[in-house]
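Asks: The structure file model-v2.pdb (PDB, C-alpha atoms, pLDDT in the B column) is provided below.
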```pdb
ATOM      1  CA  MET M   1      -6.002 -14.874   6.497  1.00 52.00           C
ATOM      2  CA  ALA M   2      -8.775 -12.617   7.738  1.00 55.00           C
ATOM      3  CA  GLN M   3      -6.282  -9.947   8.731  1.00 58.00           C
ATOM      4  CA  ALA M   4      -5.217  -9.532   5.085  1.00 57.00           C
ATOM      5  CA  ALA M   5      -8.786  -8.750   4.024  1.00 52.00           C
ATOM      6  CA  ARG M   6      -9.383  -6.267   6.834  1.00 56.00           C
ATOM      7  CA  PRO M   7      -9.172  -2.705   5.456  1.00 60.00           C
ATOM      8  CA  HIS M   8      -7.000  -0.188   7.230  1.00 61.00           C
ATOM      9  CA  HIS M   9      -8.705   3.080   7.992  1.00 68.00           C
ATOM     10  CA  GLY M  10      -7.232   6.243   9.337  1.00 68.00           C
ATOM     11  CA  LEU M  11      -5.428   9.339   8.294  1.00 66.00           C
ATOM     12  CA  LEU M  12      -1.964   7.784   8.428  1.00 68.00           C
ATOM     13  CA  SER M  13      -2.845   4.232   7.448  1.00 75.00           C
ATOM     14  CA  PHE M  14      -0.612   4.421   4.363  1.00 74.00           C
ATOM     15  CA  LEU M  15       2.397   4.623   6.701  1.00 81.00           C
ATOM     16  CA  ASP M  16       1.540   1.339   8.422  1.00 79.00           C
ATOM     17  CA  THR M  17       2.028  -0.967   5.462  1.00 78.00           C
ATOM     18  CA  ASP M  18       2.864  -3.950   7.667  1.00 83.00           C
ATOM     19  CA  GLY M  19      -0.562  -3.898   9.326  1.00 81.00           C
ATOM     20  CA  LYS M  20       0.745  -2.863  12.733  1.00 86.00           C
ATOM     21  CA  SER M  21       0.386   0.498  14.394  1.00 86.00           C
ATOM     22  CA  HIS M  22       3.566   2.571  14.804  1.00 89.00           C
ATOM     23  CA  PRO M  23       2.527   5.769  16.601  1.00 91.00           C
ATOM     24  CA  VAL M  24       6.030   6.952  17.546  1.00 94.00           C
ATOM     25  CA  GLU M  25       7.509   6.314  14.123  1.00 93.00           C
ATOM     26  CA  ASN M  26       4.531   7.949  12.408  1.00 93.00           C
ATOM     27  CA  ALA M  27       4.845  10.969  14.701  1.00 94.00           C
ATOM     28  CA  PHE M  28       8.503  11.388  13.733  1.00 95.00           C
ATOM     29  CA  ALA M  29       7.644  11.096  10.037  1.00 96.00           C
ATOM     30  CA  VAL M  30       4.821  13.641  10.135  1.00 96.00           C
ATOM     31  CA  THR M  31       6.784  16.020  12.389  1.00 97.00           C
ATOM     32  CA  THR M  32       9.768  15.903  10.053  1.00 97.00           C
ATOM     33  CA  LEU M  33       7.550  16.571   7.058  1.00 97.00           C
ATOM     34  CA  VAL M  34       5.846  19.579   8.707  1.00 98.00           C
ATOM     35  CA  ILE M  35       9.088  21.061  10.045  1.00 98.00           C
ATOM     36  CA  GLY M  36      10.757  20.505   6.671  1.00 98.00           C
ATOM     37  CA  ALA M  37       7.924  22.289   4.890  1.00 98.00           C
ATOM     38  CA  ILE M  38       8.212  25.247   7.267  1.00 98.00           C
ATOM     39  CA  ALA M  39      11.984  25.398   6.752  1.00 98.00           C
ATOM     40  CA  PHE M  40      11.625  25.141   2.977  1.00 97.00           C
ATOM     41  CA  VAL M  41       9.021  27.889   2.708  1.00 98.00           C
ATOM     42  CA  THR M  42      10.749  30.310   5.083  1.00 97.00           C
ATOM     43  CA  ALA M  43      14.093  29.771   3.337  1.00 96.00           C
ATOM     44  CA  HIS M  44      12.818  31.699   0.331  1.00 95.00           C
ATOM     45  CA  PHE M  45      12.577  34.892   2.381  1.00 95.00           C
ATOM     46  CA  ALA M  46      16.010  36.196   3.412  1.00 91.00           C
ATOM     47  CA  PRO M  47      14.823  38.074   6.536  1.00 93.00           C
ATOM     48  CA  LEU M  48      13.466  34.777   7.922  1.00 94.00           C
ATOM     49  CA  HIS M  49      16.878  33.100   7.909  1.00 93.00           C
ATOM     50  CA  LEU M  50      16.739  32.457  11.656  1.00 94.00           C
ATOM     51  CA  VAL M  51      13.475  30.538  11.315  1.00 96.00           C
ATOM     52  CA  SER M  52      14.584  28.574   8.279  1.00 96.00           C
ATOM     53  CA  SER M  53      18.003  27.651   9.626  1.00 96.00           C
ATOM     54  CA  TRP M  54      16.755  26.554  13.059  1.00 96.00           C
ATOM     55  CA  THR M  55      13.726  24.659  11.772  1.00 98.00           C
ATOM     56  CA  GLY M  56      15.905  23.054   9.102  1.00 97.00           C
ATOM     57  CA  LEU M  57      18.382  21.913  11.738  1.00 97.00           C
ATOM     58  CA  VAL M  58      15.630  20.497  13.953  1.00 98.00           C
ATOM     59  CA  GLY M  59      14.001  18.852  10.936  1.00 97.00           C
ATOM     60  CA  MET M  60      17.237  17.162   9.938  1.00 97.00           C
ATOM     61  CA  ILE M  61      17.772  15.863  13.468  1.00 98.00           C
ATOM     62  CA  THR M  62      14.224  14.515  13.821  1.00 97.00           C
ATOM     63  CA  GLY M  63      14.397  13.047  10.330  1.00 97.00           C
ATOM     64  CA  ALA M  64      17.681  11.280  11.021  1.00 97.00           C
ATOM     65  CA  TRP M  65      16.329   9.803  14.240  1.00 97.00           C
ATOM     66  CA  GLY M  66      13.118   8.844  12.479  1.00 96.00           C
ATOM     67  CA  GLN M  67      15.134   6.991   9.848  1.00 96.00           C
ATOM     68  CA  LEU M  68      16.881   5.024  12.574  1.00 97.00           C
ATOM     69  CA  ILE M  69      13.626   3.878  14.177  1.00 95.00           C
ATOM     70  CA  SER M  70      11.353   3.650  11.115  1.00 94.00           C
ATOM     71  CA  ALA M  71       9.602   0.355  10.528  1.00 91.00           C
ATOM     72  CA  THR M  72       7.938   0.634   7.116  1.00 92.00           C
ATOM     73  CA  THR M  73       8.708   1.919   3.646  1.00 92.00           C
ATOM     74  CA  GLY M  74       5.905   4.489   3.859  1.00 91.00           C
ATOM     75  CA  GLU M  75       7.471   6.063   6.932  1.00 94.00           C
ATOM     76  CA  ARG M  76      10.873   6.170   5.249  1.00 95.00           C
ATOM     77  CA  PHE M  77       9.379   7.802   2.153  1.00 95.00           C
ATOM     78  CA  VAL M  78       7.778  10.614   4.187  1.00 95.00           C
ATOM     79  CA  LEU M  79      10.976  11.011   6.221  1.00 97.00           C
ATOM     80  CA  ILE M  80      13.139  11.422   3.118  1.00 97.00           C
ATOM     81  CA  ILE M  81      10.822  14.084   1.688  1.00 97.00           C
ATOM     82  CA  GLY M  82      10.879  15.941   5.015  1.00 98.00           C
ATOM     83  CA  LEU M  83      14.646  15.557   5.343  1.00 97.00           C
ATOM     84  CA  GLY M  84      15.189  16.986   1.869  1.00 98.00           C
ATOM     85  CA  ALA M  85      12.977  19.989   2.545  1.00 98.00           C
ATOM     86  CA  ALA M  86      14.616  20.557   5.937  1.00 98.00           C
ATOM     87  CA  GLY M  87      18.062  20.326   4.371  1.00 97.00           C
ATOM     88  CA  VAL M  88      17.228  22.884   1.685  1.00 97.00           C
ATOM     89  CA  GLY M  89      15.733  25.177   4.323  1.00 97.00           C
ATOM     90  CA  PHE M  90      18.746  24.795   6.580  1.00 97.00           C
ATOM     91  CA  TYR M  91      21.332  25.448   3.890  1.00 97.00           C
ATOM     92  CA  LEU M  92      19.500  28.423   2.397  1.00 96.00           C
ATOM     93  CA  GLY M  93      18.979  29.809   5.900  1.00 94.00           C
ATOM     94  CA  MET M  94      22.694  29.456   6.538  1.00 94.00           C
ATOM     95  CA  ALA M  95      23.454  31.220   3.263  1.00 93.00           C
ATOM     96  CA  HIS M  96      21.172  34.118   4.176  1.00 92.00           C
ATOM     97  CA  GLY M  97      22.673  34.727   7.606  1.00 90.00           C
ATOM     98  CA  GLY M  98      22.947  31.568   9.621  1.00 88.00           C
ATOM     99  CA  LEU M  99      21.734  30.417  12.992  1.00 89.00           C
ATOM    100  CA  PHE M 100      22.804  33.539  14.876  1.00 89.00           C
ATOM    101  CA  GLY M 101      23.314  36.034  12.028  1.00 80.00           C
ATOM    102  CA  GLY M 102      22.851  39.572  13.278  1.00 68.00           C
ATOM    103  CA  VAL M 103      21.748  38.496  16.756  1.00 68.00           C
ATOM    104  CA  LEU M 104      25.153  37.722  18.251  1.00 66.00           C
ATOM    105  CA  GLY M 105      27.870  40.184  17.388  1.00 52.00           C
TER     106      GLY M 105
END
```
What do you get writing this file as structure tokens?

Replies:
Amino acid sequence: MAQAARPHHGLLSFLDTDGKSHPVENAFAVTTLVIGAIAFVTAHFAPLHLVSSWTGLVGMITGAWGQLISATTGERFVLIIGLGAAGVGFYLGMAHGGLFGGVLG
């Protein structure tokens, strides 16, 4: 029972609630959260629709894959927040001009 009393230290220790290290899953969760935040912030500026739509699309793809491979509830929580932000960024970017708006044609 000594492993239960051992404290977990580290920046992302709240994601590893099962006591095991999940570097790939944690990387997907943090990447999705950062990309989602970028997509969400840039979506509020119409001239940045290319950035918001592309980062939103990438964020939704990484978030979906992260959900498939996630191992803990903490990872899934961070992934859902990132997926929501990426989705808002993607859809507002699409509304402001889309993935190729003004560049092609």

Asks: With the PyMOL selection byres ((chain M and resi 30) around 12) as the selection, what would be picked from this file? Answer as a ChimeraX atom specification, please.

Replies: /M:11-12,15,23-29,31-37,59,62-63,66,70,74-83

Asks: Can you report as lines of an AutoDock Vina configuration file the centre and edge lengths in Å, to one decimal, of an axis-aligned box around the listed atoms of range 80-98 of chain M padded with 3 Å on each side?

Replies:
```
center_x = 17.1
center_y = 23.1
center_z = 5.7
size_x = 18.6
size_y = 29.3
size_z = 13.9
```

Asks: Give me, please, the distance in Å between CA of Gly89 in chain M and CA of Ser13 in chain M, quoted to one decimal.

Replies: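 Between CA of Gly89 in chain M and CA of Ser13 in chain M the gap works out to 28.2 Å.
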
Asks: If you measure from CA of Ala71 in chain M to CA of Gly84 in chain M, what distance in Å do you get, rounded to one decimal?

Replies: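 Result for CA of Ala71 in chain M versus CA of Gly84 in chain M: 19.6 Å, one decimal.
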
Asks: So how far away is CA of Leu57 in chain M from CA of Gly97 in chain M, in Å?

Replies: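 About the pair CA of Gly97 in chain M and CA of Leu57 in chain M: they are 14.1 Å apart.
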
Asks: Could you check the closest approach to Phe90 in chain M for each of M:Gln67, M:Ser52, M:Thr73, M:Ser21 and tell me which residue wins, using all atoms listed in the file?

Replies: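 Smallest distance to Phe90 in chain M is found for M:Ser52.
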
Asks: Expanded to explicit residues, what is the PyMOL selection byres ((chain M and resi 99) around 9) for this file, as a tab-separated table (two decimals) with C-alpha atoms, keeping the file's coordinate frame?

Replies:
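The resulting file, selection_23.tsv, is shown below:
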```
chain	number	residue	atom	x	y	z
M	49	HIS	CA	16.88	33.10	7.91
M	50	LEU	CA	16.74	32.46	11.66
M	51	VAL	CA	13.48	30.54	11.32
M	52	SER	CA	14.58	28.57	8.28
M	53	SER	CA	18.00	27.65	9.63
M	54	TRP	CA	16.76	26.55	13.06
M	93	GLY	CA	18.98	29.81	5.90
M	94	MET	CA	22.69	29.46	6.54
M	97	GLY	CA	22.67	34.73	7.61
M	98	GLY	CA	22.95	31.57	9.62
M	100	PHE	CA	22.80	33.54	14.88
M	101	GLY	CA	23.31	36.03	12.03
M	103	VAL	CA	21.75	38.50	16.76
```

Asks: Which one is closest to Asp16 in chain M: M:Thr72, M:Pro47, M:Ala95, M:Thr55? Count only C-alpha atoms.

Replies: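 Ranking M:Thr72, M:Pro47, M:Ala95, M:Thr55 by distance to Asp16 in chain M, first place goes to M:Thr72.
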
Asks: Could N, CA and C atoms be built for range 81-93 of chain M and written out as a short mmCIF file (atom, residue, chain, number, x, y, z; two decimals), keeping the file's coordinate frame?

Replies:
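Output file out-v4.cif is given in full below:
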```
data_model
loop_
_atom_site.label_atom_id
_atom_site.label_comp_id
_atom_site.auth_asym_id
_atom_site.auth_seq_id
_atom_site.Cartn_x
_atom_site.Cartn_y
_atom_site.Cartn_z
N ILE M 81 11.37 12.84 2.23
CA ILE M 81 10.82 14.08 1.69
C ILE M 81 11.01 15.21 2.70
N GLY M 82 10.70 14.94 3.97
CA GLY M 82 10.88 15.94 5.01
C GLY M 82 12.34 16.30 5.23
N LEU M 83 13.21 15.30 5.19
CA LEU M 83 14.65 15.56 5.34
C LEU M 83 15.18 16.43 4.21
N GLY M 84 14.75 16.17 3.00
CA GLY M 84 15.19 16.99 1.87
C GLY M 84 14.74 18.43 2.00
N ALA M 85 13.49 18.62 2.37
CA ALA M 85 12.98 19.99 2.54
C ALA M 85 13.68 20.69 3.70
N ALA M 86 13.92 19.96 4.79
CA ALA M 86 14.62 20.56 5.94
C ALA M 86 16.06 20.91 5.58
N GLY M 87 16.69 20.05 4.79
CA GLY M 87 18.06 20.33 4.37
C GLY M 87 18.16 21.56 3.49
N VAL M 88 17.24 21.69 2.54
CA VAL M 88 17.23 22.88 1.68
C VAL M 88 16.97 24.13 2.53
N GLY M 89 16.02 24.04 3.44
CA GLY M 89 15.73 25.18 4.32
C GLY M 89 16.92 25.54 5.20
N PHE M 90 17.58 24.53 5.73
CA PHE M 90 18.75 24.80 6.58
C PHE M 90 19.87 25.46 5.79
N TYR M 91 20.21 24.91 4.64
CA TYR M 91 21.33 25.45 3.89
C TYR M 91 21.03 26.83 3.31
N LEU M 92 19.82 27.07 2.87
CA LEU M 92 19.50 28.42 2.40
C LEU M 92 19.44 29.40 3.57
N GLY M 93 18.96 28.96 4.72
CA GLY M 93 18.98 29.81 5.90
C GLY M 93 20.39 30.16 6.32
#
```
